[in-house]
Amino acid sequence: MFNSVRFRITLWYAAALAVTLALFSVVVYNNLERSLDENLDQLLAVRAEGVADALEAYLETERIEVGRYSASAAKGGAFFKIAPELVRLHTEDPKQAAVELRILDASGAELENSRGSAGAPELPDRTLKDALKGNAVYDTIKISQGEGPEATYRSYATPASGTGGAVYIVQAYRSTYHTQFALKKLRVMMAAMVPLIVLLTGAFGMFFARVALRPVANMARTLRQITAENLSLRIKPPETRDEIRELADLFNAMLARLEDSFLSERRFIQDVSHELKTPLTILKGELEVALKKARSVGEYTAVLQSNLEETEKMSKIVGDLLTLARFDNREVRLERSRVNLKTLLGGAAGSLSGLAEKSGASIELSRAADSIEVEADQGQLGRLFLNLLDNALKYGGPGGKIKVNISMEAGRPAVSVSDSGPGIPAGDLPHIFKRFYRADSSRSSSGFGLGLAIAKSIADAHGAEIKAESPPGQGSTFTVIFPPPQH
Ligand SMILES: Nc1ncnc2c1ncn2[C@@H]1O[C@H](COP(=O)(O)OP(=O)(O)OP(=O)(O)O)[C@@H](O)[C@H]1O
Ligand SMILES: [Mg+2]
């Protein structure tokens with residue numbers, strides 16, 4: 001299972017998802033942390049500045065009304081009436097977020113505290129100095145609380161100055177507990193959710209990958225059953241129109257080709273054995289009879305002559321098969337030269353003239369342009385046309401008229417050999433170029449059915465086409481069409 005595509009796809013997918021989710025979580029967490037911090041800082045600043053502004057306005061009014069400006073006047077002065085009021089106003093409003101406020105004097109001593117109790121984060125000296133110079137300062141202050149963990153506060157200090165420089169410092173502060181708590185909750189949730197989501201998605205992924213790859217599993221099951229004995233088995237293609245369907249179709253096409261070549265191989269071996277068996281049986285029978293008793297020289301000669309005939313037959317079959325095998329293995333090297341078709345066919349017809357005369361047939365070069373030439377192996381091409389002419393003589397019947405036609409067909413040299421014989425039945429026509437195929441099923445003819453197979457191999461090697469036509473009652477015509485001549 002761990003080696004399956006299904007598992008690997010799921011694993012990769014889950015890993016990618018885990019990385020994406022982790023990145024997403026980090027970005028979300030950081031953004032939230034930053035915006036919470038910014039919010040808090042803004043809140044503190046708004047509150048402190050509000051109090052500071054009010055305080056400044058008050059001090060200004062006091063200076064104008066009282067006619068003097070003095071911090072010491074604050075002791076017991078009206079300032080102490082307004083300060084608690086200001087702090088209360090800015091902290092106790094239930095509509096506002098809870099922020100603590102303090103007012104300190106220039107020495108850092110606390111004048112007012114919204115909590116009214118101890119435990120406020122003290123401003124560091126540096127902050128005090130900075131604030132007295134007129135700057136607003138942020139601090140993160142930790143206070144230890146005995147046994148428990150440290151409390152962390154965020155603080156904002158701003159000066160409230162009268163006309164004579166900084167007089168008071170307004171500090172707004174708030175515990176960061178809420179922000180930390182919210183962030184911690186988010187951390188815990190993410191730590192739990194990310195692995196859970198990855199696991200769940202992985203499980204779904206595994207399931208869907210299994211559904212998607214089910215046709216492949218089915219294909220594998222069928223393919224496992226296929227042996228040489230049942231090559232006819234086919235994969236059931238899935239209903240979909242996807243890559244798997246394409247694969248199934250390709251497999252089926254391959255199986256069909258395999259079956260075809262396997263069957264033809266088998267048939268071929270059967271045919272070869274059959275063809276060789278007949279002459280061998282005759283040979284053996286004759287020899288056995290001859291050896292039974294002493295014979296005269298004449299009788300021996302007759303037996304040997306008959307033996308020679310059978311041996312020649314076998315030798316022709318074996319020779320033809322060898323030729324075909326060499327063409328199949330591309331071992332035949334064509335010795336190409338310019339071959340004049342009229343000369344070549346004239347020669348072939350001439351060499352068969354004796355045979356033609358015997359059966360009262362005639363071979364005629366009916367239409368033949370003098371100058372048509374092809375680039376070809378003269379010997380092999382001669383053999384091709386001899387096979388065609390031999391068939392025309394053999395099957396054209398006694399007194400047949402054989403016509404050879406050499407012409408240019410759509411710019412390609414073409415030779416056709418027609419006879420006036422009984423023709424080839426339409427059912428046999430597609431098969432006659434196959435090895436050992438003979439149209440007359442009684443196999444009464446003298447041939448072995450290899451002549452046209454060899455002719456086709458030779459035509460193929462030359463890049464030429466060979467075809468047979470046999471309209472009913474009009475004899476048969478074999479045409480060889482060569483590739484267009486290259487100049
Ligand atoms: N001109 C033709 N007229 C009628 N039938 C033909 C003709 N040429 C071929 N055939 C048929 O096609 C079959 C195959 O021909 P092919 O030349 O391959 O074999 P063959 O002539 O029987 O034997 P081989 O050529 O090996 O001596 C023949 O047996 C014959 O039935
Ligand atoms: Mg033949």
# chains A, B, ... in the order shown; residues from 1 in each chain; ligands from 1
$ residues_near_ligand --ligand "ligand 2" --cutoff "8 Å" --atoms "only C-alpha atoms and all ligand atoms" --output "MDAnalysis selection string"
chainID A and resid 387:388 390:391 394 447:452
$ write_last_selection --atoms "C-alpha atoms" --output "short mmCIF file (atom, residue, chain, number, x, y, z; two decimals), in the first residue's frame"
data_model
loop_
_atom_site.label_atom_id
_atom_site.label_comp_id
_atom_site.auth_asym_id
_atom_site.auth_seq_id
_atom_site.Cartn_x
_atom_site.Cartn_y
_atom_site.Cartn_z
CA ASN A 387 5.78 -13.68 -59.94
CA LEU A 388 2.92 -11.56 -61.31
CA ASP A 390 3.71 -16.45 -63.55
CA ASN A 391 0.40 -16.10 -61.72
CA LYS A 394 -1.02 -20.08 -64.15
CA GLY A 447 2.05 -23.06 -56.00
CA PHE A 448 2.51 -22.56 -52.31
CA GLY A 449 0.96 -19.16 -51.90
CA LEU A 450 4.25 -17.37 -51.35
CA GLY A 451 4.70 -15.64 -54.71
CA LEU A 452 2.50 -12.61 -53.97
#
$ select_by_dssp --residues "stretch 13-166 of chain A" --states "helix (DSSP H, G or I)" --output "JSON, numbers by chain"
{"A": [13, 14, 15, 16, 17, 18, 19, 20, 21, 22, 23, 24, 25, 26, 27, 28, 29, 30, 31, 32, 33, 34, 35, 36, 37, 38, 39, 40, 41, 42, 43, 44, 45, 46, 47, 48, 49, 50, 51, 52, 53, 54, 55, 56, 57, 58, 59, 60, 61, 62, 63, 64, 65, 66, 72, 73, 74, 79, 80, 81, 82, 83, 84, 85, 86, 87, 88, 89, 90, 91, 125, 126, 127, 128, 129, 130, 131, 132]}
$ write_last_selection --atoms "C-alpha atoms" --output "tab-separated table (two decimals), in the first residue's frame"
chain	number	residue	atom	x	y	z
A	13	TYR	CA	-1.06	16.43	-1.26
A	14	ALA	CA	-1.18	16.29	2.55
A	15	ALA	CA	2.39	17.62	2.80
A	16	ALA	CA	1.56	20.51	0.47
A	17	LEU	CA	-1.58	21.25	2.46
A	18	ALA	CA	0.32	21.15	5.78
A	19	VAL	CA	2.92	23.61	4.50
A	20	THR	CA	0.24	25.93	3.08
A	21	LEU	CA	-1.82	25.85	6.26
A	22	ALA	CA	1.23	26.42	8.45
A	23	LEU	CA	2.25	29.43	6.37
A	24	PHE	CA	-1.29	30.73	6.43
A	25	SER	CA	-1.45	30.32	10.23
A	26	VAL	CA	1.84	32.16	10.75
A	27	VAL	CA	0.68	35.05	8.57
A	28	VAL	CA	-2.72	35.27	10.28
A	29	TYR	CA	-1.16	35.04	13.75
A	30	ASN	CA	1.46	37.71	13.07
A	31	ASN	CA	-1.09	40.05	11.57
A	32	LEU	CA	-3.44	39.63	14.46
A	33	GLU	CA	-0.66	40.14	17.00
A	34	ARG	CA	0.50	43.31	15.25
A	35	SER	CA	-2.98	44.79	14.94
A	36	LEU	CA	-3.85	43.98	18.57
A	37	ASP	CA	-0.63	45.71	19.68
A	38	GLU	CA	-1.35	48.70	17.46
A	39	ASN	CA	-4.91	48.95	18.74
A	40	LEU	CA	-3.76	48.91	22.33
A	41	ASP	CA	-1.11	51.55	21.66
A	42	GLN	CA	-3.63	53.75	19.91
A	43	LEU	CA	-6.15	53.35	22.71
A	44	LEU	CA	-3.57	54.27	25.37
A	45	ALA	CA	-2.42	57.31	23.39
A	46	VAL	CA	-5.96	58.60	22.80
A	47	ARG	CA	-6.85	58.30	26.48
A	48	ALA	CA	-3.66	59.80	27.86
A	49	GLU	CA	-3.68	62.64	25.34
A	50	GLY	CA	-7.34	63.33	26.16
A	51	VAL	CA	-6.56	63.71	29.83
A	52	ALA	CA	-3.37	65.67	29.09
A	53	ASP	CA	-5.27	68.09	26.81
A	54	ALA	CA	-7.97	68.62	29.41
A	55	LEU	CA	-5.34	69.12	32.06
A	56	GLU	CA	-3.45	71.64	29.94
A	57	ALA	CA	-6.66	73.56	29.24
A	58	TYR	CA	-7.43	73.60	32.95
A	59	LEU	CA	-3.94	74.76	33.92
A	60	GLU	CA	-4.15	77.53	31.33
A	61	THR	CA	-7.51	78.70	32.65
A	62	GLU	CA	-6.20	78.57	36.21
A	63	ARG	CA	-3.17	80.65	35.24
A	64	ILE	CA	-5.34	83.25	33.61
A	65	GLU	CA	-7.89	83.33	36.39
A	66	VAL	CA	-5.54	83.14	39.32
A	72	SER	CA	2.98	74.51	44.27
A	73	ALA	CA	-0.40	76.21	44.00
A	74	ALA	CA	-1.68	72.84	43.04
A	79	PHE	CA	-6.21	71.19	40.40
A	80	PHE	CA	-6.84	68.43	42.89
A	81	LYS	CA	-10.52	68.79	42.41
A	82	ILE	CA	-10.32	68.46	38.65
A	83	ALA	CA	-7.67	65.70	38.48
A	84	PRO	CA	-9.72	62.86	40.07
A	85	GLU	CA	-12.70	63.98	38.04
A	86	LEU	CA	-10.71	63.82	34.81
A	87	VAL	CA	-9.31	60.41	35.60
A	88	ARG	CA	-12.72	59.09	36.57
A	89	LEU	CA	-14.32	60.45	33.42
A	90	HIS	CA	-11.75	58.80	31.23
A	91	THR	CA	-11.71	55.43	32.91
A	125	ASP	CA	13.55	56.89	34.98
A	126	ARG	CA	14.49	57.21	31.36
A	127	THR	CA	10.83	57.51	30.37
A	128	LEU	CA	10.28	60.14	33.05
A	129	LYS	CA	13.17	62.20	31.74
A	130	ASP	CA	12.05	61.82	28.17
A	131	ALA	CA	8.49	62.84	29.04
A	132	LEU	CA	9.68	65.87	30.92
$ residues_near_ligand --ligand "ligand 1" --cutoff "8 Å" --atoms "only C-alpha atoms and all ligand atoms" --output "PyMOL selection string"
chain A and resi 317+320+387-396+418-419+421-424+428-429+432-440+443+445-454+475-478
$ residues_around --residues "A:Lys236" --least-positions-apart "4" --cutoff "9 Å" --atoms "only C-alpha atoms" --output "ChimeraX atom specification"
/A:215,218-219,222,248-249,252
$ write_last_selection --atoms "N, CA and C atoms" --output "mmCIF file, in the first residue's frame"
data_model
loop_
_atom_site.group_PDB
_atom_site.id
_atom_site.type_symbol
_atom_site.label_atom_id
_atom_site.label_comp_id
_atom_site.auth_asym_id
_atom_site.auth_seq_id
_atom_site.Cartn_x
_atom_site.Cartn_y
_atom_site.Cartn_z
ATOM 1 N N PRO A 215 -10.535 2.229 -12.002
ATOM 2 C CA PRO A 215 -10.426 1.629 -13.337
ATOM 3 C C PRO A 215 -9.038 1.052 -13.598
ATOM 4 N N ASN A 218 -8.917 -2.268 -12.000
ATOM 5 C CA ASN A 218 -9.673 -3.237 -12.813
ATOM 6 C C ASN A 218 -8.865 -3.676 -14.019
ATOM 7 N N MET A 219 -8.190 -2.672 -14.649
ATOM 8 C CA MET A 219 -7.375 -2.986 -15.822
ATOM 9 C C MET A 219 -6.290 -3.976 -15.452
ATOM 10 N N THR A 222 -7.593 -7.499 -15.158
ATOM 11 C CA THR A 222 -7.813 -8.166 -16.450
ATOM 12 C C THR A 222 -6.483 -8.548 -17.077
ATOM 13 N N ALA A 248 -6.813 2.496 -21.602
ATOM 14 C CA ALA A 248 -7.516 1.229 -21.805
ATOM 15 C C ALA A 248 -7.658 0.948 -23.299
ATOM 16 N N ASP A 249 -8.036 1.980 -24.067
ATOM 17 C CA ASP A 249 -8.197 1.804 -25.516
ATOM 18 C C ASP A 249 -6.870 1.408 -26.160
ATOM 19 N N ASN A 252 -6.120 -2.148 -25.389
ATOM 20 C CA ASN A 252 -6.932 -3.056 -26.190
ATOM 21 C C ASN A 252 -6.418 -3.142 -27.626
#
$ closest_residue --among "A:Thr10, A:Ser107, A:Thr311, A:Gln486" --to "A:Arg210" --atoms "only C-alpha atoms"
A:Thr10
$ closest_residue --among "A:Pro124, A:Ala172, A:Asp460, A:Phe262" --to "A:Glu112" --atoms "only C-alpha atoms"
A:Ala172
$ residues_around --residues "A:Lys284" --least-positions-apart "3" --cutoff "12 Å" --atoms "only C-alpha atoms" --output "ChimeraX atom specification"
/A:277-281,287-291,303-304,306-307,310-311
$ residues_around --residues "A:Thr176" --least-positions-apart "5" --cutoff "9 Å" --atoms "only C-alpha atoms" --output "list in words"
Asp37, Leu40, Ala151, Thr152, Tyr153, Arg154 and Phe181 of chain A
$ atom_distance --atom1 "atom CA of A:Glu122" --atom2 "atom CA of A:Ser161"
20.5 Å
$ select_by_dssp --residues "stretch 70-288 of chain A" --states "strand (DSSP E)" --output "JSON, numbers by chain"
{"A": [100, 101, 102, 103, 104, 105, 110, 111, 112, 113, 137, 138, 139, 140, 141, 142, 143, 151, 152, 153, 154, 155, 156, 157, 158, 159, 160, 161, 162, 165, 166, 167, 168, 169, 170, 171, 172, 173, 174, 175]}
$ write_last_selection --atoms "C-alpha atoms" --output "PDB file, in the first residue's frame"
ATOM      1  CA  GLU A 100      -6.048  52.776  33.790  1.00  0.00           C
ATOM      2  CA  LEU A 101      -4.839  56.342  34.120  1.00  0.00           C
ATOM      3  CA  ARG A 102      -2.342  58.027  36.437  1.00  0.00           C
ATOM      4  CA  ILE A 103      -1.245  61.581  36.844  1.00  0.00           C
ATOM      5  CA  LEU A 104       2.286  62.091  38.115  1.00  0.00           C
ATOM      6  CA  ASP A 105       4.162  65.205  39.035  1.00  0.00           C
ATOM      7  CA  GLU A 110       1.812  59.790  41.862  1.00  0.00           C
ATOM      8  CA  LEU A 111      -0.872  62.445  42.269  1.00  0.00           C
ATOM      9  CA  GLU A 112      -3.852  60.507  41.045  1.00  0.00           C
ATOM     10  CA  ASN A 113      -4.542  56.884  40.126  1.00  0.00           C
ATOM     11  CA  VAL A 137       6.866  57.464  25.434  1.00  0.00           C
ATOM     12  CA  TYR A 138       5.635  53.884  25.136  1.00  0.00           C
ATOM     13  CA  ASP A 139       6.869  51.191  27.546  1.00  0.00           C
ATOM     14  CA  THR A 140       6.291  47.524  28.152  1.00  0.00           C
ATOM     15  CA  ILE A 141       6.623  47.053  31.892  1.00  0.00           C
ATOM     16  CA  LYS A 142       6.740  43.737  33.720  1.00  0.00           C
ATOM     17  CA  ILE A 143       5.770  43.502  37.352  1.00  0.00           C
ATOM     18  CA  ALA A 151       2.136  40.728  34.872  1.00  0.00           C
ATOM     19  CA  THR A 152       2.938  42.650  31.705  1.00  0.00           C
ATOM     20  CA  TYR A 153       1.644  46.142  31.112  1.00  0.00           C
ATOM     21  CA  ARG A 154       1.770  48.389  28.129  1.00  0.00           C
ATOM     22  CA  SER A 155       2.113  52.037  29.160  1.00  0.00           C
ATOM     23  CA  TYR A 156       2.000  55.395  27.446  1.00  0.00           C
ATOM     24  CA  ALA A 157       3.304  58.502  29.172  1.00  0.00           C
ATOM     25  CA  THR A 158       2.737  62.021  27.873  1.00  0.00           C
ATOM     26  CA  PRO A 159       3.530  65.398  29.441  1.00  0.00           C
ATOM     27  CA  ALA A 160       0.804  67.905  30.191  1.00  0.00           C
ATOM     28  CA  SER A 161       2.483  71.261  30.132  1.00  0.00           C
ATOM     29  CA  GLY A 162       1.408  74.678  31.047  1.00  0.00           C
ATOM     30  CA  GLY A 165       7.218  73.670  30.393  1.00  0.00           C
ATOM     31  CA  ALA A 166       6.272  70.158  31.495  1.00  0.00           C
ATOM     32  CA  VAL A 167       4.509  70.103  34.761  1.00  0.00           C
ATOM     33  CA  TYR A 168       2.586  66.851  34.974  1.00  0.00           C
ATOM     34  CA  ILE A 169       2.860  63.483  33.344  1.00  0.00           C
ATOM     35  CA  VAL A 170      -0.251  61.591  32.315  1.00  0.00           C
ATOM     36  CA  GLN A 171       0.231  57.824  32.092  1.00  0.00           C
ATOM     37  CA  ALA A 172      -2.268  55.462  30.507  1.00  0.00           C
ATOM     38  CA  TYR A 173      -1.651  51.757  30.911  1.00  0.00           C
ATOM     39  CA  ARG A 174      -3.294  48.450  30.467  1.00  0.00           C
ATOM     40  CA  SER A 175      -2.414  44.855  31.180  1.00  0.00           C
TER      41      SER A 175
END
$ closest_residue --among "A:Ala410, A:Ala217, A:Ile402, A:Val415" --to "A:Gln474" --atoms "only C-alpha atoms"
A:Ile402
$ atom_distance --atom1 "atom CA of A:Gly108" --atom2 "atom CA of A:Pro121"
12.0 Å
$ atom_distance --atom1 "atom CA of A:Glu469" --atom2 "atom CA of A:Gly397"
17.4 Å
$ closest_residue --among "A:Met190, A:Ala369, A:Ala356, A:Ala376" --to "A:Gly400" --atoms "only C-alpha atoms"
A:Ala356
$ residues_around --residues "A:Leu231" --least-positions-apart "4" --cutoff "10 Å" --atoms "only C-alpha atoms" --output "VMD selection string"
chain A and resid 223 225 to 227 255 to 260 262 to 263
$ write_last_selection --atoms "N, CA and C atoms" --output "PDB file, in the first residue's frame"
ATOM      1  N   LEU A 223      -5.531  -7.598 -17.046  1.00  0.00           N
ATOM      2  CA  LEU A 223      -4.253  -7.853 -17.719  1.00  0.00           C
ATOM      3  C   LEU A 223      -3.546  -9.047 -17.102  1.00  0.00           C
ATOM      4  N   GLN A 225      -4.859 -11.681 -16.121  1.00  0.00           N
ATOM      5  CA  GLN A 225      -5.449 -12.943 -16.587  1.00  0.00           C
ATOM      6  C   GLN A 225      -5.020 -13.289 -18.008  1.00  0.00           C
ATOM      7  N   ILE A 226      -4.391 -12.315 -18.689  1.00  0.00           N
ATOM      8  CA  ILE A 226      -4.078 -12.558 -20.091  1.00  0.00           C
ATOM      9  C   ILE A 226      -2.795 -13.356 -20.230  1.00  0.00           C
ATOM     10  N   THR A 227      -2.906 -14.483 -20.918  1.00  0.00           N
ATOM     11  CA  THR A 227      -1.721 -15.282 -21.232  1.00  0.00           C
ATOM     12  C   THR A 227      -1.770 -15.557 -22.728  1.00  0.00           C
ATOM     13  N   LEU A 255      -3.408  -5.243 -27.555  1.00  0.00           N
ATOM     14  CA  LEU A 255      -3.751  -6.658 -27.393  1.00  0.00           C
ATOM     15  C   LEU A 255      -4.242  -7.237 -28.718  1.00  0.00           C
ATOM     16  N   ALA A 256      -5.038  -6.428 -29.439  1.00  0.00           N
ATOM     17  CA  ALA A 256      -5.562  -6.898 -30.725  1.00  0.00           C
ATOM     18  C   ALA A 256      -4.404  -7.181 -31.683  1.00  0.00           C
ATOM     19  N   ARG A 257      -3.428  -6.255 -31.692  1.00  0.00           N
ATOM     20  CA  ARG A 257      -2.278  -6.468 -32.591  1.00  0.00           C
ATOM     21  C   ARG A 257      -1.480  -7.691 -32.179  1.00  0.00           C
ATOM     22  N   LEU A 258      -1.310  -7.824 -30.853  1.00  0.00           N
ATOM     23  CA  LEU A 258      -0.550  -8.970 -30.344  1.00  0.00           C
ATOM     24  C   LEU A 258      -1.236 -10.280 -30.730  1.00  0.00           C
ATOM     25  N   GLU A 259      -2.558 -10.289 -30.530  1.00  0.00           N
ATOM     26  CA  GLU A 259      -3.315 -11.499 -30.828  1.00  0.00           C
ATOM     27  C   GLU A 259      -3.187 -11.835 -32.305  1.00  0.00           C
ATOM     28  N   ASP A 260      -3.296 -10.774 -33.099  1.00  0.00           N
ATOM     29  CA  ASP A 260      -3.211 -10.952 -34.539  1.00  0.00           C
ATOM     30  C   ASP A 260      -1.879 -11.569 -34.946  1.00  0.00           C
ATOM     31  N   PHE A 262       0.235 -13.071 -33.058  1.00  0.00           N
ATOM     32  CA  PHE A 262       0.413 -14.385 -32.436  1.00  0.00           C
ATOM     33  C   PHE A 262      -0.292 -15.468 -33.248  1.00  0.00           C
ATOM     34  N   LEU A 263      -1.538 -15.146 -33.655  1.00  0.00           N
ATOM     35  CA  LEU A 263      -2.306 -16.122 -34.427  1.00  0.00           C
ATOM     36  C   LEU A 263      -1.666 -16.375 -35.787  1.00  0.00           C
TER      37      LEU A 263
END
$ closest_residue --among "A:Asn329, A:Gly360, A:Gln305, A:Thr479" --to "A:Phe385" --atoms "only C-alpha atoms"
A:Thr479
$ closest_residue --among "A:Met314, A:Ile244, A:Leu386, A:Ala203" --to "A:Ala349" --atoms "only C-alpha atoms"
A:Leu386
